[in-house]
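Trainee: A single structure is presented below for examination.
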Amino acid sequence: MKRHTPNNTRLAQGQKGTATLVVSLMVLMIIAMVSVFTSKSVFVEKKIANNAFRAQQALEAAEAGLAAAVEYYSENVDADSDGVLDPNVFDTNADGIGDANTATVGNGYTVTVTPTDSSPADAPFTVITVQSTGYSDDFTASRTLTQVLSTLNALPMSPDNPLTTRGSIIVSGSATVINPEGHSTIWSGSDVDLGSNNSTATEVADMTDAGYPTCMDTSMTCSTVASSNKVTVGLDVVEHDSSLDNLSQNQFFENFFGMTPANYREAMVTIDTTAASAATDIANAQGEVIWIEGNTSLSSITVGCSQNVTGSNYCPDGVMRPSIVIVNGDLELSGSPQFYGILFVNGAVSIKGGATVYGAMVASNDIANQTGGSLDITYHSDLLASASRNGPLGSSSGTWRDF
């Protein structure tokens, strides 16, 4: 006999199918929403990752531009010698002179470097502000970095008197040592013998000068008065000073330059030459830190001035840029050499002819002015201050900005 399903049973089964369909639709909707949300999140994350990647490219390009500027300006700030800061730091034709301010670096990144000479009027090329703007490979991201470059102090402990030596000073010829900015002329760790020449004398600032003592604050302003000679040694001459005599040769060097000779040579020197090549390499050098290795003989050259100067003539201001000359060995002077800045001899000095120094002279061992030789030194603090700015350019601490 055929059985019939009650209507309520068929209704329940229909309701179960409907519920399943609804649940399935809801699940599908949830899956669709999750998929859309996930897809959108992935897209956003990918976009963020791409933006970060492009930003990193721009930053790397900007940093490369700064590095290129530091390298270029550490070699020469005015390679074309036109008296103006070189505006371009990229040397595309390898002739030593920058010819472009935009370059491609890394994997297709671009950077533009814009330098500005921020130096005081009396000391050009000593403070340079460099702005480096880097771009990603597709130019959608950019980053600008700024750094100030300034010259390192090449003479941190400048001498206060014209002539200083750890050893003795023996004047057999003639000498004039003048300090218009103070009352000390010679400072020695051993004997000072001014000899018997009538021309030998020291001079100090004249206290009867109408502008005294303020005139001592400006170089070459005070009039001078004789202090010591072949008969009388005045208070301006200090000899047998144990504070000098007890120093080692390296310690004596560090007293003026703030680091060991080896470190100074590595960090500061702009012209590094040998005794054999010195006369050629340093003649008329301006604004340099010069290192001469070995026992050296120099004759009839001018350093710190672009033209040769002889006798009592003085280098014109327009062509003078004082230099630091360091001889790592003994030095023999003959003829009539002139030095503007500081002459430091890490050894003994023998003077056989005329020699003139404007600024200061320092020696770690004995100074002997032989018969017929003439040594003339005039202290000039402005020239020493100018020479101290001859160090290489370096990044100034605390000046790096990325905004």
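Convention: chains lettered A, B, ... in structure tokens order; per-chain residue numbering from 1; ligands numbered from 1 as shown.
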Please tabulate, as CSV, the residues of range 154-174 of chain A that come within 10 Å of range 196-201 of chain A, each with its closest pair of atoms and the distance in Å to one decimal, counting only C-alpha atoms and ordering rows by chain, then residue number upward.

Mentor:
residue,atom,partner,partner_atom,distance
A:Val171,CA,A:Thr200,CA,8.2
A:Ser172,CA,A:Ser196,CA,7.3
A:Gly173,CA,A:Asn197,CA,6.5
A:Ser174,CA,A:Thr200,CA,4.9

Trainee: Grab the residues selected above and save them as a tab-separated table (two decimals), in the first residue's frame with C-alpha atoms.

Mentor:
chain	number	residue	atom	x	y	z
A	171	VAL	CA	122.97	84.02	15.36
A	172	SER	CA	126.35	84.28	13.67
A	173	GLY	CA	125.04	86.47	10.88
A	174	SER	CA	122.23	88.97	11.45

Trainee: I need the residues in range 267-345 of chain A that are strand (DSSP E) according to DSSP; give them as a ChimeraX atom specification.

Mentor: /A:271-274,289-293,296-299,302-303,323-328,331-334,338-345

Trainee: For C-alpha atoms, I'd like the residues from the last selection saved as a PDB file, in the first residue's frame.

Mentor:
ATOM      1  CA  ILE A 271     100.653  69.181  -0.916  1.00  0.00           C
ATOM      2  CA  ASP A 272     102.802  66.209   0.066  1.00  0.00           C
ATOM      3  CA  THR A 273     106.245  66.312  -1.529  1.00  0.00           C
ATOM      4  CA  THR A 274     109.823  65.176  -1.105  1.00  0.00           C
ATOM      5  CA  VAL A 289      99.179  72.827   3.953  1.00  0.00           C
ATOM      6  CA  ILE A 290     102.555  71.616   2.694  1.00  0.00           C
ATOM      7  CA  TRP A 291     104.498  68.599   3.916  1.00  0.00           C
ATOM      8  CA  ILE A 292     108.121  68.162   2.801  1.00  0.00           C
ATOM      9  CA  GLU A 293     109.607  64.804   3.716  1.00  0.00           C
ATOM     10  CA  THR A 296     115.592  69.879   2.537  1.00  0.00           C
ATOM     11  CA  SER A 297     117.387  72.822   0.916  1.00  0.00           C
ATOM     12  CA  LEU A 298     115.318  75.777  -0.281  1.00  0.00           C
ATOM     13  CA  SER A 299     116.631  78.823  -2.079  1.00  0.00           C
ATOM     14  CA  THR A 302     108.270  82.489  -2.304  1.00  0.00           C
ATOM     15  CA  VAL A 303     105.514  80.558  -0.541  1.00  0.00           C
ATOM     16  CA  SER A 323     100.420  78.670   3.688  1.00  0.00           C
ATOM     17  CA  ILE A 324     101.606  76.195   6.301  1.00  0.00           C
ATOM     18  CA  VAL A 325     104.993  74.690   5.433  1.00  0.00           C
ATOM     19  CA  ILE A 326     106.164  71.663   7.441  1.00  0.00           C
ATOM     20  CA  VAL A 327     109.616  70.215   6.813  1.00  0.00           C
ATOM     21  CA  ASN A 328     109.912  66.764   8.368  1.00  0.00           C
ATOM     22  CA  LEU A 331     116.139  72.626   6.575  1.00  0.00           C
ATOM     23  CA  GLU A 332     118.847  74.686   4.890  1.00  0.00           C
ATOM     24  CA  LEU A 333     117.840  78.135   3.620  1.00  0.00           C
ATOM     25  CA  SER A 334     119.874  80.075   1.106  1.00  0.00           C
ATOM     26  CA  GLN A 338     110.110  84.373   1.676  1.00  0.00           C
ATOM     27  CA  PHE A 339     107.349  82.606   3.577  1.00  0.00           C
ATOM     28  CA  TYR A 340     103.872  83.958   4.362  1.00  0.00           C
ATOM     29  CA  GLY A 341     102.143  81.927   7.082  1.00  0.00           C
ATOM     30  CA  ILE A 342     104.039  79.507   9.306  1.00  0.00           C
ATOM     31  CA  LEU A 343     107.304  77.675   8.630  1.00  0.00           C
ATOM     32  CA  PHE A 344     107.594  74.629  10.898  1.00  0.00           C
ATOM     33  CA  VAL A 345     110.780  72.573  10.786  1.00  0.00           C
TER      34      VAL A 345
END

Trainee: Tell me, as a PDB file with N, CA and C atoms, in the first residue's frame, which residues lie within 9 Å of Gly347 in chain A, counting only C-alpha atoms; anything in the same chain fewer than 5 positions away does not count.

Mentor:
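As written to disk, part_10.pdb reads:
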ATOM      1  N   GLN A 249     110.130  65.288  20.408  1.00  0.00           N
ATOM      2  CA  GLN A 249     109.918  65.953  19.124  1.00  0.00           C
ATOM      3  C   GLN A 249     108.462  65.846  18.692  1.00  0.00           C
ATOM      4  N   ASN A 295     115.409  65.800   4.751  1.00  0.00           N
ATOM      5  CA  ASN A 295     116.277  66.972   4.858  1.00  0.00           C
ATOM      6  C   ASN A 295     116.210  67.767   3.562  1.00  0.00           C
ATOM      7  N   VAL A 327     108.485  70.995   7.302  1.00  0.00           N
ATOM      8  CA  VAL A 327     109.616  70.215   6.813  1.00  0.00           C
ATOM      9  C   VAL A 327     109.891  69.124   7.840  1.00  0.00           C
ATOM     10  N   ASN A 328     109.673  67.886   7.458  1.00  0.00           N
ATOM     11  CA  ASN A 328     109.912  66.764   8.368  1.00  0.00           C
ATOM     12  C   ASN A 328     111.360  66.291   8.210  1.00  0.00           C
ATOM     13  N   GLY A 329     112.250  67.107   8.745  1.00  0.00           N
ATOM     14  CA  GLY A 329     113.678  66.874   8.621  1.00  0.00           C
ATOM     15  C   GLY A 329     114.402  68.195   8.832  1.00  0.00           C
ATOM     16  N   ASP A 330     115.682  68.233   8.550  1.00  0.00           N
ATOM     17  CA  ASP A 330     116.444  69.477   8.681  1.00  0.00           C
ATOM     18  C   ASP A 330     116.200  70.359   7.461  1.00  0.00           C
ATOM     19  N   LEU A 331     116.365  71.668   7.660  1.00  0.00           N
ATOM     20  CA  LEU A 331     116.139  72.626   6.575  1.00  0.00           C
ATOM     21  C   LEU A 331     117.326  73.562   6.439  1.00  0.00           C
ATOM     22  N   ALA A 363     110.846  75.625  15.142  1.00  0.00           N
ATOM     23  CA  ALA A 363     111.744  74.499  14.854  1.00  0.00           C
ATOM     24  C   ALA A 363     111.843  73.617  16.087  1.00  0.00           C
ATOM     25  N   SER A 364     111.917  72.309  15.845  1.00  0.00           N
ATOM     26  CA  SER A 364     111.996  71.382  16.972  1.00  0.00           C
ATOM     27  C   SER A 364     113.430  71.185  17.459  1.00  0.00           C
ATOM     28  N   ASN A 365     114.424  71.589  16.644  1.00  0.00           N
ATOM     29  CA  ASN A 365     115.823  71.484  17.049  1.00  0.00           C
ATOM     30  C   ASN A 365     116.515  72.831  16.864  1.00  0.00           C
ATOM     31  N   ASP A 366     117.830  72.831  16.826  1.00  0.00           N
ATOM     32  CA  ASP A 366     118.601  74.074  16.834  1.00  0.00           C
ATOM     33  C   ASP A 366     118.388  74.899  15.564  1.00  0.00           C
TER      34      ASP A 366
END

Trainee: Have a look at A:Val111, A:Gly335, A:Thr202, A:Gly353 and name the one nearest to Ser374 in chain A; count only C-alpha atoms.

Mentor: A:Gly353

Trainee: Taking only residues of range 135-176 of chain A that have an atom at most 8 Å from an atom of range 381-403 of chain A, what is each one's shortest atom pair and its distance in Å to one decimal, using only C-alpha atoms, in chain and number order, as JSON lines?

Mentor:
{"residue": "A:Arg143", "atom": "CA", "partner": "A:Asp402", "partner_atom": "CA", "distance": 7.6}
{"residue": "A:Thr144", "atom": "CA", "partner": "A:Asp402", "partner_atom": "CA", "distance": 6.0}
{"residue": "A:Leu145", "atom": "CA", "partner": "A:Asp402", "partner_atom": "CA", "distance": 4.5}
{"residue": "A:Thr146", "atom": "CA", "partner": "A:Arg401", "partner_atom": "CA", "distance": 5.1}
{"residue": "A:Gln147", "atom": "CA", "partner": "A:Trp400", "partner_atom": "CA", "distance": 4.6}
{"residue": "A:Val148", "atom": "CA", "partner": "A:Thr399", "partner_atom": "CA", "distance": 5.6}
{"residue": "A:Leu149", "atom": "CA", "partner": "A:Ser395", "partner_atom": "CA", "distance": 4.5}
{"residue": "A:Ser150", "atom": "CA", "partner": "A:Leu393", "partner_atom": "CA", "distance": 5.1}
{"residue": "A:Thr151", "atom": "CA", "partner": "A:Leu393", "partner_atom": "CA", "distance": 4.2}
{"residue": "A:Leu152", "atom": "CA", "partner": "A:Gly391", "partner_atom": "CA", "distance": 4.9}
{"residue": "A:Asn153", "atom": "CA", "partner": "A:Ser388", "partner_atom": "CA", "distance": 5.3}
{"residue": "A:Ala154", "atom": "CA", "partner": "A:Ser388", "partner_atom": "CA", "distance": 4.6}
{"residue": "A:Leu155", "atom": "CA", "partner": "A:Ser388", "partner_atom": "CA", "distance": 4.6}
{"residue": "A:Pro156", "atom": "CA", "partner": "A:Ser388", "partner_atom": "CA", "distance": 7.1}
{"residue": "A:Ser158", "atom": "CA", "partner": "A:Leu384", "partner_atom": "CA", "distance": 6.9}
{"residue": "A:Asp160", "atom": "CA", "partner": "A:Ser381", "partner_atom": "CA", "distance": 8.0}

Trainee: For the selection just defined, write its residues with C-alpha atoms to a file, as a short mmCIF file (atom, residue, chain, number, x, y, z; two decimals), in the first residue's frame.

Mentor:
data_model
loop_
_atom_site.label_atom_id
_atom_site.label_comp_id
_atom_site.auth_asym_id
_atom_site.auth_seq_id
_atom_site.Cartn_x
_atom_site.Cartn_y
_atom_site.Cartn_z
CA ARG A 143 64.45 63.60 -1.02
CA THR A 144 66.53 66.66 -0.16
CA LEU A 145 69.52 66.59 2.18
CA THR A 146 71.57 69.59 3.31
CA GLN A 147 75.07 69.55 4.78
CA VAL A 148 77.49 72.35 5.68
CA LEU A 149 81.14 71.74 4.79
CA SER A 150 83.80 73.78 6.56
CA THR A 151 87.57 73.73 6.58
CA LEU A 152 89.28 71.84 9.37
CA ASN A 153 91.53 73.96 11.58
CA ALA A 154 95.04 73.24 10.33
CA LEU A 155 96.74 75.24 13.11
CA PRO A 156 94.67 74.79 16.27
CA SER A 158 98.85 79.05 16.78
CA ASP A 160 102.04 83.71 20.05
#

Trainee: Against range 114-131 of chain A, which residues of range 225-337 of chain A fall within 12 Å? For each one I want the closest pair of atoms and the distance in Å (one decimal), counting only C-alpha atoms, rows by chain and increasing residue number, as CSV.

Mentor:
residue,atom,partner,partner_atom,distance
A:Gly287,CA,A:Ala123,CA,10.7
A:Asp317,CA,A:Asp122,CA,11.5
A:Gly318,CA,A:Asp122,CA,11.6
A:Arg321,CA,A:Ala123,CA,10.0
A:Pro322,CA,A:Ala123,CA,11.7

Trainee: Give me, please, the distance in Å between CA of Thr310 in chain A and CA of Asn284 in chain A, quoted to one decimal.

Mentor: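 Between CA of Thr310 in chain A and CA of Asn284 in chain A the gap is 12.6 Å.
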
Trainee: Do you have, as JSON lines, the list of residues of range 70-162 of chain A lying at most 9 Å from range 32-53 of chain A, each with its nearest atom pair and that distance in Å to one decimal, counting only C-alpha atoms and ordered by chain then number?

Mentor:
{"residue": "A:Ser136", "atom": "CA", "partner": "A:Phe53", "partner_atom": "CA", "distance": 8.6}
{"residue": "A:Thr140", "atom": "CA", "partner": "A:Asn51", "partner_atom": "CA", "distance": 8.5}
{"residue": "A:Ala141", "atom": "CA", "partner": "A:Asn51", "partner_atom": "CA", "distance": 7.6}

Trainee: Which neighbours of range 176-191 of chain A fall inside 8 Å, counting only C-alpha atoms, when residues of the same chain fewer than 5 positions from it are skipped, and could you give them as a PyMOL selection string?

Mentor: chain A and resi 161-170+199-206+215-224+235-245+375-380

Trainee: Just to confirm, what's the straight-line distance from CA of Ser81 in chain A to CA of Met268 in chain A in Å (one decimal)?

Mentor: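 We find that CA of Ser81 in chain A and CA of Met268 in chain A lie 21.5 Å from each other.
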
Trainee: Among range 151-349 of chain A, which residues does DSSP mark as helix (DSSP H, G or I) when it is run on the backbone? Keep the chain and numbering as in the structure and answer as an NGL selection string.

Mentor: :A and (214-217 or 242-245 or 249-257 or 261-267 or 278-282 or 317-319)

Trainee: What does the distance between CA of Cys315 in chain A and CA of Gly96 in chain A come to in Å, to one decimal place?

Mentor: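 CA of Cys315 in chain A sits 29.3 Å away from CA of Gly96 in chain A.
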
Trainee: Neighbours of Phe253 in chain A within 10 Å (only C-alpha atoms; same-chain residues fewer than 2 positions away dropped), as a PDB file with C-alpha atoms, in the first residue's frame?

Mentor:
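This went into result-v8.pdb:
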ATOM      1  CA  LEU A 247     109.095  67.740  25.253  1.00  0.00           C
ATOM      2  CA  SER A 248     109.804  64.976  22.776  1.00  0.00           C
ATOM      3  CA  GLN A 249     109.918  65.953  19.124  1.00  0.00           C
ATOM      4  CA  ASN A 250     106.446  64.525  18.530  1.00  0.00           C
ATOM      5  CA  GLN A 251     105.027  66.224  21.626  1.00  0.00           C
ATOM      6  CA  ASN A 255     101.659  71.417  20.864  1.00  0.00           C
ATOM      7  CA  PHE A 256     100.974  73.406  17.693  1.00  0.00           C
ATOM      8  CA  PHE A 257      99.050  71.049  15.419  1.00  0.00           C
ATOM      9  CA  GLY A 258      97.007  69.018  17.910  1.00  0.00           C
ATOM     10  CA  MET A 259      97.902  65.557  16.567  1.00  0.00           C
ATOM     11  CA  THR A 260     100.883  63.378  15.826  1.00  0.00           C
ATOM     12  CA  PRO A 261     102.934  64.131  12.696  1.00  0.00           C
ATOM     13  CA  TYR A 264      98.411  65.293  10.660  1.00  0.00           C
ATOM     14  CA  PHE A 344     107.594  74.629  10.898  1.00  0.00           C
ATOM     15  CA  VAL A 345     110.780  72.573  10.786  1.00  0.00           C
ATOM     16  CA  ASN A 346     110.630  69.203  12.492  1.00  0.00           C
ATOM     17  CA  VAL A 362     109.020  77.157  14.656  1.00  0.00           C
ATOM     18  CA  ALA A 363     111.744  74.499  14.854  1.00  0.00           C
ATOM     19  CA  SER A 364     111.996  71.382  16.972  1.00  0.00           C
TER      20      SER A 364
END

Trainee: Could you pull the residues within 12 Å of Phe90 in chain A, counting only C-alpha atoms, minus those fewer than 5 positions along the same chain, as a ChimeraX atom specification?

Mentor: /A:64-73,95-105,111-114
